[in-house]
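Student: Provided herewith: start31.pdb, PDB, C-alpha atoms and all ligand atoms.
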```
ATOM      1  CA  MET A  55      51.641 165.460 212.597
ATOM      2  CA  SER A  56      52.601 169.109 213.141
ATOM      3  CA  GLU A  57      52.739 169.138 216.936
ATOM      4  CA  PHE A  58      56.127 170.880 216.897
ATOM      5  CA  ALA A  59      55.578 173.212 213.917
ATOM      6  CA  GLY A  60      57.335 176.521 214.575
ATOM      7  CA  LYS A  61      59.287 175.057 217.488
ATOM      8  CA  GLY A  62      63.010 174.545 217.847
ATOM      9  CA  ALA A  63      64.691 171.752 219.780
ATOM     10  CA  VAL A  64      68.286 171.158 220.852
ATOM     11  CA  ILE A  65      69.206 167.528 221.471
ATOM     12  CA  THR A  66      72.607 166.948 223.072
ATOM     13  CA  GLY A  67      74.343 163.807 221.862
ATOM     14  CA  GLY A  68      71.808 163.884 219.019
ATOM     15  CA  GLY A  69      73.985 162.193 216.408
ATOM     16  CA  ARG A  70      73.111 158.585 217.178
ATOM     17  CA  GLY A  71      71.182 156.193 219.416
ATOM     18  CA  ILE A  72      68.465 157.554 221.667
ATOM     19  CA  GLY A  73      69.379 161.182 220.918
ATOM     20  CA  LEU A  74      69.011 160.717 217.168
ATOM     21  CA  ALA A  75      65.678 158.904 217.634
ATOM     22  CA  CYS A  76      64.433 161.875 219.703
ATOM     23  CA  ALA A  77      65.630 164.363 217.083
ATOM     24  CA  ARG A  78      64.017 162.413 214.245
ATOM     25  CA  LEU A  79      60.651 162.115 216.011
ATOM     26  CA  ILE A  80      60.509 165.812 216.926
ATOM     27  CA  ALA A  81      61.472 166.665 213.329
ATOM     28  CA  GLN A  82      58.848 164.241 211.944
ATOM     29  CA  ARG A  83      56.298 166.137 214.004
ATOM     30  CA  GLY A  84      57.276 169.457 212.466
ATOM     31  CA  GLY A  85      60.048 170.789 214.713
ATOM     32  CA  ALA A  86      63.432 172.166 213.664
ATOM     33  CA  VAL A  87      66.251 170.349 215.438
ATOM     34  CA  VAL A  88      69.845 171.037 216.421
ATOM     35  CA  LEU A  89      72.020 167.978 216.954
ATOM     36  CA  LEU A  90      74.612 169.118 219.474
ATOM     37  CA  GLY A  91      77.611 166.957 220.298
ATOM     38  CA  ASN A  92      81.353 166.431 220.296
ATOM     39  CA  ASP A  93      81.576 163.748 217.624
ATOM     40  CA  ARG A  94      81.839 165.784 214.399
ATOM     41  CA  GLU A  95      81.694 162.914 211.916
ATOM     42  CA  THR A  96      78.664 161.201 213.499
ATOM     43  CA  LEU A  97      76.795 164.480 213.920
ATOM     44  CA  GLN A  98      77.386 165.607 210.367
ATOM     45  CA  GLY A  99      76.303 162.191 209.088
ATOM     46  CA  ALA A 100      73.092 162.432 211.134
ATOM     47  CA  GLU A 101      72.476 165.984 209.887
ATOM     48  CA  THR A 102      72.763 164.777 206.279
ATOM     49  CA  THR A 103      70.488 161.783 206.935
ATOM     50  CA  LEU A 104      67.764 163.891 208.565
ATOM     51  CA  ARG A 105      67.978 166.524 205.808
ATOM     52  CA  ASP A 106      67.732 163.780 203.165
ATOM     53  CA  GLU A 107      64.584 162.594 204.952
ATOM     54  CA  GLY A 108      63.193 166.108 204.447
ATOM     55  CA  PHE A 109      63.684 167.508 207.941
ATOM     56  CA  THR A 110      65.198 170.747 209.250
ATOM     57  CA  ALA A 111      68.337 169.673 211.099
ATOM     58  CA  THR A 112      71.626 171.369 211.965
ATOM     59  CA  ALA A 113      74.714 169.825 213.555
ATOM     60  CA  ILE A 114      76.538 172.011 216.071
ATOM     61  CA  ILE A 115      79.835 170.763 217.445
ATOM     62  CA  ALA A 116      80.272 171.307 221.185
ATOM     63  CA  ASP A 117      81.528 169.440 224.219
ATOM     64  CA  VAL A 118      78.775 169.645 226.850
ATOM     65  CA  SER A 119      81.348 169.711 229.660
ATOM     66  CA  ARG A 120      82.980 172.910 228.333
ATOM     67  CA  GLU A 121      81.121 176.066 229.240
ATOM     68  CA  ALA A 122      82.552 178.185 226.420
ATOM     69  CA  ASP A 123      81.421 175.562 223.873
ATOM     70  CA  ILE A 124      77.929 175.356 225.324
ATOM     71  CA  ALA A 125      77.441 179.119 225.686
ATOM     72  CA  GLN A 126      78.314 179.572 222.029
ATOM     73  CA  ALA A 127      76.324 176.522 220.899
ATOM     74  CA  MET A 128      73.112 177.722 222.587
ATOM     75  CA  GLU A 129      73.470 181.208 221.027
ATOM     76  CA  GLN A 130      74.015 179.617 217.633
ATOM     77  CA  SER A 131      71.113 177.184 218.185
ATOM     78  CA  ALA A 132      68.704 179.993 219.059
ATOM     79  CA  LYS A 133      69.695 181.813 215.849
ATOM     80  CA  VAL A 134      69.449 178.737 213.636
ATOM     81  CA  LEU A 135      66.158 177.550 215.155
ATOM     82  CA  GLY A 136      64.476 180.941 215.441
ATOM     83  CA  SER A 137      63.347 179.956 218.934
ATOM     84  CA  LEU A 138      64.779 177.546 221.452
ATOM     85  CA  ASP A 139      61.689 175.845 222.887
ATOM     86  CA  ILE A 140      62.894 172.345 223.742
ATOM     87  CA  LEU A 141      66.122 171.058 225.267
ATOM     88  CA  VAL A 142      66.774 167.318 225.483
ATOM     89  CA  ASN A 143      69.821 166.585 227.656
ATOM     90  CA  ASN A 144      70.924 163.222 226.324
ATOM     91  CA  ALA A 145      74.745 163.365 226.045
ATOM     92  CA  ALA A 146      76.460 161.018 228.486
ATOM     93  CA  ILE A 147      79.293 158.570 229.006
ATOM     94  CA  GLN A 148      79.300 155.365 231.054
ATOM     95  CA  PRO A 149      82.734 153.973 231.883
ATOM     96  CA  TYR A 150      82.725 151.081 234.338
ATOM     97  CA  GLY A 151      84.289 151.541 237.767
ATOM     98  CA  THR A 152      83.770 151.401 241.515
ATOM     99  CA  VAL A 153      84.589 154.145 244.014
ATOM    100  CA  ALA A 154      87.788 152.212 244.799
ATOM    101  CA  SER A 155      88.897 151.590 241.225
ATOM    102  CA  MET A 156      88.066 154.978 239.697
ATOM    103  CA  GLY A 157      90.574 157.750 240.080
ATOM    104  CA  SER A 158      89.307 161.266 240.658
ATOM    105  CA  ALA A 159      90.077 162.338 237.078
ATOM    106  CA  GLN A 160      87.823 159.598 235.669
ATOM    107  CA  TRP A 161      85.143 160.345 238.275
ATOM    108  CA  ASP A 162      85.221 164.051 237.404
ATOM    109  CA  GLY A 163      85.109 163.208 233.703
ATOM    110  CA  VAL A 164      81.799 161.345 234.109
ATOM    111  CA  ILE A 165      80.230 163.950 236.375
ATOM    112  CA  ASN A 166      81.432 166.754 234.091
ATOM    113  CA  VAL A 167      79.787 165.318 230.985
ATOM    114  CA  ASN A 168      76.617 163.799 232.449
ATOM    115  CA  LEU A 169      75.676 166.165 235.270
ATOM    116  CA  ARG A 170      77.629 169.384 234.808
ATOM    117  CA  GLY A 171      76.920 169.135 231.062
ATOM    118  CA  THR A 172      73.186 169.016 231.803
ATOM    119  CA  TYR A 173      73.483 172.010 234.141
ATOM    120  CA  LEU A 174      75.521 173.962 231.555
ATOM    121  CA  ALA A 175      73.058 173.246 228.740
ATOM    122  CA  CYS A 176      70.133 174.329 230.940
ATOM    123  CA  HIS A 177      72.013 177.393 232.230
ATOM    124  CA  HIS A 178      72.664 178.636 228.706
ATOM    125  CA  ALA A 179      69.289 177.627 227.222
ATOM    126  CA  LEU A 180      67.173 179.113 230.016
ATOM    127  CA  PRO A 181      67.700 182.795 229.125
ATOM    128  CA  HIS A 182      66.169 182.074 225.696
ATOM    129  CA  MET A 183      63.236 180.190 227.246
ATOM    130  CA  LEU A 184      62.698 182.847 229.912
ATOM    131  CA  ARG A 185      62.601 185.587 227.258
ATOM    132  CA  ALA A 186      59.986 183.602 225.314
ATOM    133  CA  GLY A 187      58.034 182.718 228.475
ATOM    134  CA  ARG A 188      57.927 179.055 227.497
ATOM    135  CA  GLY A 189      60.141 176.005 227.298
ATOM    136  CA  SER A 190      60.376 172.301 227.940
ATOM    137  CA  ILE A 191      63.453 170.470 229.196
ATOM    138  CA  VAL A 192      63.705 166.683 229.091
ATOM    139  CA  ASN A 193      66.641 165.095 230.874
ATOM    140  CA  ILE A 194      67.578 161.568 229.846
ATOM    141  CA  ALA A 195      68.512 159.970 233.151
ATOM    142  CA  SER A 196      68.443 156.173 233.589
ATOM    143  CA  VAL A 197      66.996 153.430 235.756
ATOM    144  CA  GLN A 198      70.487 153.614 237.315
ATOM    145  CA  ALA A 199      69.292 156.826 238.962
ATOM    146  CA  LEU A 200      66.915 154.610 240.968
ATOM    147  CA  ALA A 201      68.738 151.279 241.437
ATOM    148  CA  ASN A 202      72.300 150.358 240.624
ATOM    149  CA  GLN A 203      74.097 147.771 238.594
ATOM    150  CA  ALA A 204      77.622 146.896 239.836
ATOM    151  CA  ARG A 205      80.606 149.074 238.820
ATOM    152  CA  VAL A 206      78.768 152.189 237.606
ATOM    153  CA  ALA A 207      79.332 154.418 240.657
ATOM    154  CA  ALA A 208      80.010 157.698 238.855
ATOM    155  CA  TYR A 209      77.407 157.125 236.143
ATOM    156  CA  ALA A 210      74.658 156.223 238.626
ATOM    157  CA  THR A 211      75.615 159.199 240.804
ATOM    158  CA  SER A 212      75.411 161.528 237.812
ATOM    159  CA  LYS A 213      72.012 160.143 236.791
ATOM    160  CA  GLY A 214      70.649 160.424 240.347
ATOM    161  CA  GLY A 215      71.870 164.023 240.322
ATOM    162  CA  MET A 216      69.976 164.634 237.083
ATOM    163  CA  LEU A 217      66.706 163.708 238.804
ATOM    164  CA  ALA A 218      67.381 166.224 241.596
ATOM    165  CA  LEU A 219      68.338 168.845 239.005
ATOM    166  CA  THR A 220      65.106 168.126 237.110
ATOM    167  CA  ARG A 221      63.102 168.804 240.268
ATOM    168  CA  SER A 222      64.931 172.090 240.867
ATOM    169  CA  LEU A 223      64.278 173.230 237.309
ATOM    170  CA  ALA A 224      60.582 172.387 237.706
ATOM    171  CA  VAL A 225      60.285 174.200 241.033
ATOM    172  CA  ASP A 226      62.294 177.282 240.050
ATOM    173  CA  PHE A 227      60.897 177.856 236.555
ATOM    174  CA  GLY A 228      57.344 176.482 236.554
ATOM    175  CA  SER A 229      55.876 179.925 237.123
ATOM    176  CA  PHE A 230      57.787 181.163 234.042
ATOM    177  CA  GLY A 231      56.079 178.667 231.742
ATOM    178  CA  ILE A 232      59.027 176.282 231.686
ATOM    179  CA  ARG A 233      58.573 172.563 232.414
ATOM    180  CA  ALA A 234      61.298 170.016 233.178
ATOM    181  CA  ASN A 235      60.952 166.252 233.311
ATOM    182  CA  ALA A 236      63.250 163.246 233.318
ATOM    183  CA  VAL A 237      63.085 159.957 231.463
ATOM    184  CA  CYS A 238      64.668 156.827 232.943
ATOM    185  CA  PRO A 239      65.335 154.266 230.229
ATOM    186  CA  GLY A 240      66.003 150.641 231.081
ATOM    187  CA  CYS A 241      68.129 148.528 228.769
ATOM    188  CA  ILE A 242      67.800 149.918 225.236
ATOM    189  CA  ASP A 243      69.461 148.609 222.071
ATOM    190  CA  ALA A 244      71.550 151.743 221.579
ATOM    191  CA  PRO A 245      75.312 152.416 221.407
ATOM    192  CA  MET A 246      75.877 152.684 225.167
ATOM    193  CA  THR A 247      74.409 149.201 225.701
ATOM    194  CA  ARG A 248      76.457 147.755 222.845
ATOM    195  CA  PHE A 249      79.702 149.245 224.295
ATOM    196  CA  SER A 250      78.837 147.862 227.745
ATOM    197  CA  ALA A 251      78.065 144.415 226.300
ATOM    198  CA  ALA A 252      81.354 144.425 224.360
ATOM    199  CA  GLU A 253      83.254 145.351 227.523
ATOM    200  CA  THR A 254      81.395 142.804 229.682
ATOM    201  CA  ALA A 255      81.800 139.839 227.311
ATOM    202  CA  PRO A 256      83.872 140.591 224.188
ATOM    203  CA  GLY A 257      82.523 138.705 221.162
ATOM    204  CA  ARG A 258      79.302 137.678 222.950
ATOM    205  CA  GLU A 259      77.475 140.999 222.702
ATOM    206  CA  GLU A 260      74.269 139.624 221.136
ATOM    207  CA  GLU A 261      73.924 136.912 223.792
ATOM    208  CA  ILE A 262      74.557 139.401 226.628
ATOM    209  CA  ILE A 263      72.074 141.902 225.218
ATOM    210  CA  ARG A 264      69.447 139.138 224.928
ATOM    211  CA  GLN A 265      70.133 138.185 228.566
ATOM    212  CA  TRP A 266      69.753 141.799 229.713
ATOM    213  CA  GLY A 267      66.497 141.971 227.790
ATOM    214  CA  LYS A 268      65.186 138.874 229.582
ATOM    215  CA  ALA A 269      65.696 140.638 232.929
ATOM    216  CA  GLN A 270      63.015 143.135 231.879
ATOM    217  CA  PRO A 271      59.433 141.811 232.334
ATOM    218  CA  LEU A 272      58.628 142.537 228.677
ATOM    219  CA  GLY A 273      61.389 140.060 227.887
ATOM    220  CA  ARG A 274      63.479 142.154 225.529
ATOM    221  CA  VAL A 275      65.614 145.275 225.289
ATOM    222  CA  GLY A 276      63.867 148.472 224.227
ATOM    223  CA  ARG A 277      64.317 150.421 221.012
ATOM    224  CA  PRO A 278      65.565 154.043 220.920
ATOM    225  CA  GLU A 279      62.279 154.980 219.211
ATOM    226  CA  GLU A 280      60.333 153.723 222.245
ATOM    227  CA  VAL A 281      62.248 156.159 224.460
ATOM    228  CA  ALA A 282      61.817 158.939 221.901
ATOM    229  CA  GLU A 283      58.000 158.573 222.036
ATOM    230  CA  VAL A 284      58.010 159.451 225.737
ATOM    231  CA  VAL A 285      60.565 162.229 225.280
ATOM    232  CA  ALA A 286      58.473 163.799 222.497
ATOM    233  CA  PHE A 287      55.338 163.563 224.635
ATOM    234  CA  LEU A 288      57.069 165.335 227.535
ATOM    235  CA  ALA A 289      58.659 167.914 225.232
ATOM    236  CA  GLY A 290      55.311 168.959 223.779
ATOM    237  CA  ASP A 291      52.126 170.618 224.932
ATOM    238  CA  ARG A 292      50.292 167.314 225.389
ATOM    239  CA  ALA A 293      52.290 167.064 228.641
ATOM    240  CA  SER A 294      51.262 170.589 229.665
ATOM    241  CA  PHE A 295      50.620 169.646 233.324
ATOM    242  CA  CYS A 296      53.678 167.421 233.748
ATOM    243  CA  THR A 297      56.728 168.891 235.395
ATOM    244  CA  GLY A 298      59.344 167.695 237.879
ATOM    245  CA  ALA A 299      58.457 164.086 237.117
ATOM    246  CA  GLU A 300      60.414 160.949 236.303
ATOM    247  CA  PHE A 301      59.130 158.567 233.650
ATOM    248  CA  LYS A 302      60.481 155.014 233.421
ATOM    249  CA  VAL A 303      60.766 153.501 229.950
ATOM    250  CA  ASP A 304      62.198 150.193 231.068
ATOM    251  CA  GLY A 305      59.994 147.297 229.965
ATOM    252  CA  GLY A 306      58.957 146.904 233.607
ATOM    253  CA  LEU A 307      62.511 146.448 234.961
ATOM    254  CA  MET A 308      62.027 148.649 238.025
ATOM    255  CA  ALA A 309      58.676 147.037 238.814
ATOM    256  CA  SER A 310      60.318 143.659 239.235
ATOM    257  CA  LEU A 311      62.319 142.116 242.077
ATOM    258  CA  GLY A 312      63.757 139.759 239.483
ATOM    259  CA  VAL A 313      63.053 136.722 241.682
ATOM    260  CA  ALA A 314      61.958 133.746 239.581
ATOM    261  CA  LEU A 315      59.618 131.133 241.137
ATOM    262  CA  PRO A 316      60.148 127.459 240.263
ATOM    263  CA  ASP A 317      57.846 126.249 237.452
TER     264      ASP A 317
HETATM  265  P1  LIG A 401      75.274 157.019 223.013
HETATM  266  O1  LIG A 401      76.648 156.744 223.475
HETATM  267  O2  LIG A 401      75.016 156.915 221.559
HETATM  268  O3  LIG A 401      74.766 158.457 223.498
HETATM  269  C1  LIG A 401      75.553 159.402 224.076
HETATM  270  C2  LIG A 401      75.752 160.581 223.134
HETATM  271  O4  LIG A 401      76.416 161.611 223.868
HETATM  272  C3  LIG A 401      76.646 160.249 221.925
HETATM  273  O5  LIG A 401      76.090 160.828 220.765
HETATM  274  C4  LIG A 401      77.963 160.945 222.262
HETATM  275  O6  LIG A 401      78.686 161.379 221.119
HETATM  276  C5  LIG A 401      77.471 162.130 223.085
HETATM  277  N1  LIG A 401      78.499 162.676 223.975
HETATM  278  C6  LIG A 401      79.290 161.979 224.838
HETATM  279  N2  LIG A 401      80.118 162.826 225.477
HETATM  280  C7  LIG A 401      79.840 164.075 225.030
HETATM  281  C8  LIG A 401      80.352 165.364 225.318
HETATM  282  N3  LIG A 401      81.353 165.565 226.197
HETATM  283  N4  LIG A 401      79.827 166.438 224.665
HETATM  284  C9  LIG A 401      78.833 166.268 223.756
HETATM  285  N5  LIG A 401      78.304 165.069 223.444
HETATM  286  C10 LIG A 401      78.803 163.985 224.068
HETATM  287  O7  LIG A 401      74.337 156.015 223.801
HETATM  288  P2  LIG A 401      72.740 155.911 224.010
HETATM  289  O8  LIG A 401      72.559 154.533 224.477
HETATM  290  O9  LIG A 401      71.983 156.423 222.839
HETATM  291  O10 LIG A 401      72.496 156.853 225.287
HETATM  292  C11 LIG A 401      71.818 158.069 225.229
HETATM  293  C12 LIG A 401      71.377 158.501 226.605
HETATM  294  O11 LIG A 401      70.497 157.530 227.167
HETATM  295  C13 LIG A 401      72.500 158.678 227.620
HETATM  296  O12 LIG A 401      72.208 159.777 228.453
HETATM  297  C14 LIG A 401      72.437 157.406 228.425
HETATM  298  O13 LIG A 401      72.977 157.576 229.720
HETATM  299  C15 LIG A 401      70.941 157.165 228.455
HETATM  300  N6  LIG A 401      70.574 155.793 228.720
HETATM  301  C16 LIG A 401      70.857 154.810 227.825
HETATM  302  C17 LIG A 401      70.470 153.509 228.107
HETATM  303  C18 LIG A 401      70.721 152.373 227.147
HETATM  304  O14 LIG A 401      70.345 151.235 227.474
HETATM  305  N7  LIG A 401      71.335 152.599 225.998
HETATM  306  C19 LIG A 401      69.819 153.218 229.319
HETATM  307  C20 LIG A 401      69.570 154.247 230.215
HETATM  308  C21 LIG A 401      69.947 155.535 229.899
END
```
Show the structure stored in the file as C-alpha cells.
Ligand code: NAD
Tutor:
Amino acid sequence: MSEFAGKGAVITGGGRGIGLACARLIAQRGGAVVLLGNDRETLQGAETTLRDEGFTATAIIADVSREADIAQAMEQSAKVLGSLDILVNNAAIQPYGTVASMGSAQWDGVINVNLRGTYLACHHALPHMLRAGRGSIVNIASVQALANQARVAAYATSKGGMLALTRSLAVDFGSFGIRANAVCPGCIDAPMTRFSAAETAPGREEEIIRQWGKAQPLGRVGRPEEVAEVVAFLAGDRASFCTGAEFKVDGGLMASLGVALPD
C-alpha cells in the first residue's frame, strides 16, 4: 500500500511499543519516518530494524520536554523527511502517585513530558505544516483522559489536557488544511503496561496483565499494532473529514460499567 508515499512522519517516543508500531505501519504504507525520543540506544536499534525491513527511518535524539531539543529536532526532521506531513505525539511517562503523595517536581515532570512535550512538538512542527498548507497531528492520549484508575493523578491530568489541546489544534488550524485527532488506548501489551504491572505486583506481571485484559469486554489486552491501525487511518487522507475527535481503542473498556451479573 502506498497511502503515505511522498509523506514524512515524526513519531515521538517512536523507538518501541505503540510508537514503533505506528512508525512501522506508516513506513509499510510508503511514508518516511523519524523516530524522535530521548532513549538513544532503543531509538538507534529501532532505526536499524526498520531500515533492515526496507523502510526509510531516521532516529533523532531529543527530549520532548526541552524546547531547544524539539526546535532543533523538528528542523532536522523536516530536512531529513523532505516534508513534515504527520506528527504522532506518543512520548509519555506514567509514574504512580496521588495529589497528596506526588511532590511538585514529580508532578511537573509528568506534565512537562506528556502535555508540554505535545505542545512543544506541535508548536515547532506547525510552521512546516502551515507552509505546506497540509498536515495531520495524532495525539496518543489514553482512556485515562476519560476515566481514572487510582494513583495516576498527573498522568490522567496530562492526558485530559491532550484532548483539550487536540480540540484547540483542530479549531485553530482546520482552515489551514491541518487536522488534529486523539487516540485513547485502553490496556495495551506495550512497555508502559509491563512497567505498571511490574510495579503493581512484582513477579506476577503476566497474571496482572491477563486480569487487566479481562476487564475489557473483548477479554484481552490490545496489541500496539491495533492502536497503530487507528493512528495510521487518522494520519492519512482516508480520515479527511475527521478533526478534533477522540477515538477509543480499548476493547470496549469505556463502554462497560464493569458490573458482573451472577450466572
Ligand atoms: P512506552 O514507555 O514504550 O512509550 C513511551 C515512549 O516515550 C518511549 O519510547 C520513551 O522512550 C519515550 N519518552 C519518554 N519520555 C520522553 C521524553 N522526555 N522525550 C522523548 N521521548 C520520551 O510505552 P507505550 O505503552 O508504548 O506507550 C505509548 C503511548 O501510549 C504513551 O503516550 C502512553 O501514555 C499511551 N498509552 C499506553 C497505554 C498502554 O496500555 N500501554 C494505554 C493508554 C495510553
Student: Run the PyMOL selection byres (((chain A and resi 127) around 9) and not hetatm) mentally over the shown coordinates, then write out the matched residues as a ChimeraX atom specification, using the chain letters and numbers from the document.
Tutor: /A:90,114-116,122-126,128-132,178
Student: Spell out the residues picked by the PyMOL selection byres (((chain A and resi 103) around 12) and not hetatm) here, as a VMD selection string.
Tutor: chain A and resid 69 to 70 74 77 to 78 89 96 to 102 104 to 113
Student: Is it possible to get the residues within 7 Å of (80.1, 174.1, 235.3) (coordinates as in the file, counting only C-alpha atoms) written as a VMD selection string?
Tutor: chain A and resid 121 170 174
Student: Within 7 Å of ligand LIG 401 (chain A), which residues of chain A show up? Give each one with its shortest atom-to-atom distance in Å (one decimal) and the two atoms involved, counting all atoms listed in the file, rows by chain then rising residue number, as a tab-separated table.
Tutor:
```
residue	atom	partner	partner_atom	distance
A:Thr66	CA	A:LIG401	N5	6.0
A:Gly67	CA	A:LIG401	O5	3.6
A:Gly68	CA	A:LIG401	O5	5.5
A:Gly69	CA	A:LIG401	O5	5.0
A:Arg70	CA	A:LIG401	O2	5.1
A:Gly71	CA	A:LIG401	O9	3.5
A:Ile72	CA	A:LIG401	O9	3.9
A:Gly73	CA	A:LIG401	O9	5.8
A:Leu90	CA	A:LIG401	C9	6.7
A:Gly91	CA	A:LIG401	C9	3.7
A:Asn92	CA	A:LIG401	C9	4.3
A:Asp93	CA	A:LIG401	O6	5.1
A:Ala116	CA	A:LIG401	C9	5.8
A:Asp117	CA	A:LIG401	N4	3.5
A:Val118	CA	A:LIG401	N4	4.0
A:Ser119	CA	A:LIG401	N3	5.4
A:Asn144	CA	A:LIG401	O12	4.2
A:Ala145	CA	A:LIG401	O4	3.3
A:Ala146	CA	A:LIG401	O12	4.4
A:Ile147	CA	A:LIG401	C6	5.4
A:Gln148	CA	A:LIG401	O13	6.8
A:Val167	CA	A:LIG401	N3	5.0
A:Ile194	CA	A:LIG401	O12	5.2
A:Ala195	CA	A:LIG401	C21	5.7
A:Ser196	CA	A:LIG401	C21	4.0
A:Val197	CA	A:LIG401	C20	6.2
A:Cys238	CA	A:LIG401	C20	6.2
A:Pro239	CA	A:LIG401	C20	4.2
A:Gly240	CA	A:LIG401	C19	4.9
A:Cys241	CA	A:LIG401	O14	3.7
A:Ile242	CA	A:LIG401	O14	3.6
A:Asp243	CA	A:LIG401	N7	5.9
A:Ala244	CA	A:LIG401	O8	4.1
A:Pro245	CA	A:LIG401	O7	4.4
A:Met246	CA	A:LIG401	O8	3.9
A:Thr247	CA	A:LIG401	N7	4.6
```
Student: Using the chain letters and numbers from the file, which residues does the PyMOL selection byres (((chain A and resi 181-183) around 8) and not hetatm) grab, as a list in words?
Tutor: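 Checked against the file, the PyMOL selection byres (((chain A and resi 181-183) around 8) and not hetatm) matches Ala132, Ser137, Leu138, Asp139, His177, His178, Ala179, Leu180, Leu184, Arg185, Ala186, Gly187, Arg188, Gly189 and Ile232 of chain A.
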Student: Which is closest to Glu300 of chain A among A:Lys133, A:Lys213, A:Lys268, A:Arg94, if we use only C-alpha atoms?
Tutor: A:Lys213
Student: For a test of reading the model, state the distance in Å between atom CA of Lys61 of chain A and atom CA of Ala86 of chain A, rounded to one decimal.
Tutor: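 So the answer is 6.3 Å.
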Student: What does the distance between atom CA of Ala59 of chain A and atom CA of Val88 of chain A come to in Å, to one decimal place?
Tutor: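 Interatomic distance, atom CA of Ala59 of chain A to atom CA of Val88 of chain A: 14.6 Å.
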Student: Quick one: of A:Leu169, A:Gly214, A:Cys176, A:Val206, who's nearest to Ala154 of chain A, counting all atoms listed in the file?
Tutor: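 Ranked by minimum distance to Ala154 of chain A, first place goes to A:Val206.
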Student: Interatomic distance between atom CA of Ala299 of chain A and atom CA of Ile191 of chain A?
Tutor: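 We find that atom CA of Ala299 of chain A and atom CA of Ile191 of chain A lie 11.3 Å from each other.
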Student: Closest to Asp291 of chain A among A:Val237, A:Ile140, A:Leu315, A:Val303, using all atoms listed in the file?
Tutor: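 Smallest distance to Asp291 of chain A is found for A:Ile140.
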Student: Which one of A:Tyr173, A:Tyr209, A:Leu219, A:Leu200 sits closest to Thr152 of chain A if you count all atoms listed in the file?
Tutor: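 Of A:Tyr173, A:Tyr209, A:Leu219, A:Leu200, the one nearest Thr152 of chain A, counting all atoms listed in the file, is A:Tyr209.
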Student: Considering only C-alpha atoms, state which residue in the set A:Thr211, A:Ser155, A:Asn166, A:Asn235 is at the smallest distance from Gly290 of chain A.
Tutor: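 Distance minimum relative to Gly290 of chain A lands on A:Asn235.
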Student: Using all atoms listed in the file, pick whichever of A:Leu79, A:Ile65, A:Ala252, A:Ala236 has the shortest atom-to-atom distance to Glu279 of chain A.
Tutor: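 Among A:Leu79, A:Ile65, A:Ala252, A:Ala236, it is A:Leu79 that comes nearest to Glu279 of chain A.
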Student: Produce the centre coordinates and the three edge lengths, each in Å to one decimal, of the box along x, y and z that contains all listed atoms of segment 227-243 of chain A with 6 Å added on each side, as lines of an AutoDock Vina configuration file.
Tutor:
```
center_x = 62.7
center_y = 164.8
center_z = 229.6
size_x = 25.6
size_y = 44.6
size_z = 27.1
```
Student: Can you put all heavy atoms back into segment 214-218 of chain A and show it as a PDB file, in the coordinates of the input?
Tutor:
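Output below, filename rebuild_18.pdb:
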```pdb
ATOM      1  N   GLY A 214      71.444 160.041 239.175  1.00  0.00           N
ATOM      2  CA  GLY A 214      70.649 160.424 240.347  1.00  0.00           C
ATOM      3  C   GLY A 214      70.635 161.936 240.499  1.00  0.00           C
ATOM      4  O   GLY A 214      69.585 162.546 240.782  1.00  0.00           O
ATOM      5  N   GLY A 215      71.788 162.556 240.262  1.00  0.00           N
ATOM      6  CA  GLY A 215      71.870 164.023 240.322  1.00  0.00           C
ATOM      7  C   GLY A 215      70.970 164.686 239.291  1.00  0.00           C
ATOM      8  O   GLY A 215      70.371 165.730 239.548  1.00  0.00           O
ATOM      9  N   MET A 216      70.840 164.051 238.129  1.00  0.00           N
ATOM     10  CA  MET A 216      69.976 164.634 237.083  1.00  0.00           C
ATOM     11  C   MET A 216      68.515 164.674 237.526  1.00  0.00           C
ATOM     12  O   MET A 216      67.765 165.576 237.146  1.00  0.00           O
ATOM     13  CB  MET A 216      70.100 163.842 235.779  1.00  0.00           C
ATOM     14  CG  MET A 216      71.368 164.156 235.007  1.00  0.00           C
ATOM     15  SD  MET A 216      71.522 163.146 233.515  1.00  0.00           S
ATOM     16  CE  MET A 216      70.430 164.020 232.379  1.00  0.00           C
ATOM     17  N   LEU A 217      68.103 163.688 238.323  1.00  0.00           N
ATOM     18  CA  LEU A 217      66.706 163.708 238.804  1.00  0.00           C
ATOM     19  C   LEU A 217      66.502 164.883 239.776  1.00  0.00           C
ATOM     20  O   LEU A 217      65.476 165.572 239.726  1.00  0.00           O
ATOM     21  CB  LEU A 217      66.330 162.384 239.472  1.00  0.00           C
ATOM     22  CG  LEU A 217      66.343 161.135 238.588  1.00  0.00           C
ATOM     23  CD1 LEU A 217      65.710 159.961 239.332  1.00  0.00           C
ATOM     24  CD2 LEU A 217      65.621 161.363 237.262  1.00  0.00           C
ATOM     25  N   ALA A 218      67.485 165.096 240.655  1.00  0.00           N
ATOM     26  CA  ALA A 218      67.381 166.224 241.596  1.00  0.00           C
ATOM     27  C   ALA A 218      67.403 167.550 240.837  1.00  0.00           C
ATOM     28  O   ALA A 218      66.642 168.481 241.146  1.00  0.00           O
ATOM     29  CB  ALA A 218      68.520 166.157 242.608  1.00  0.00           C
TER      30      ALA A 218
END
```
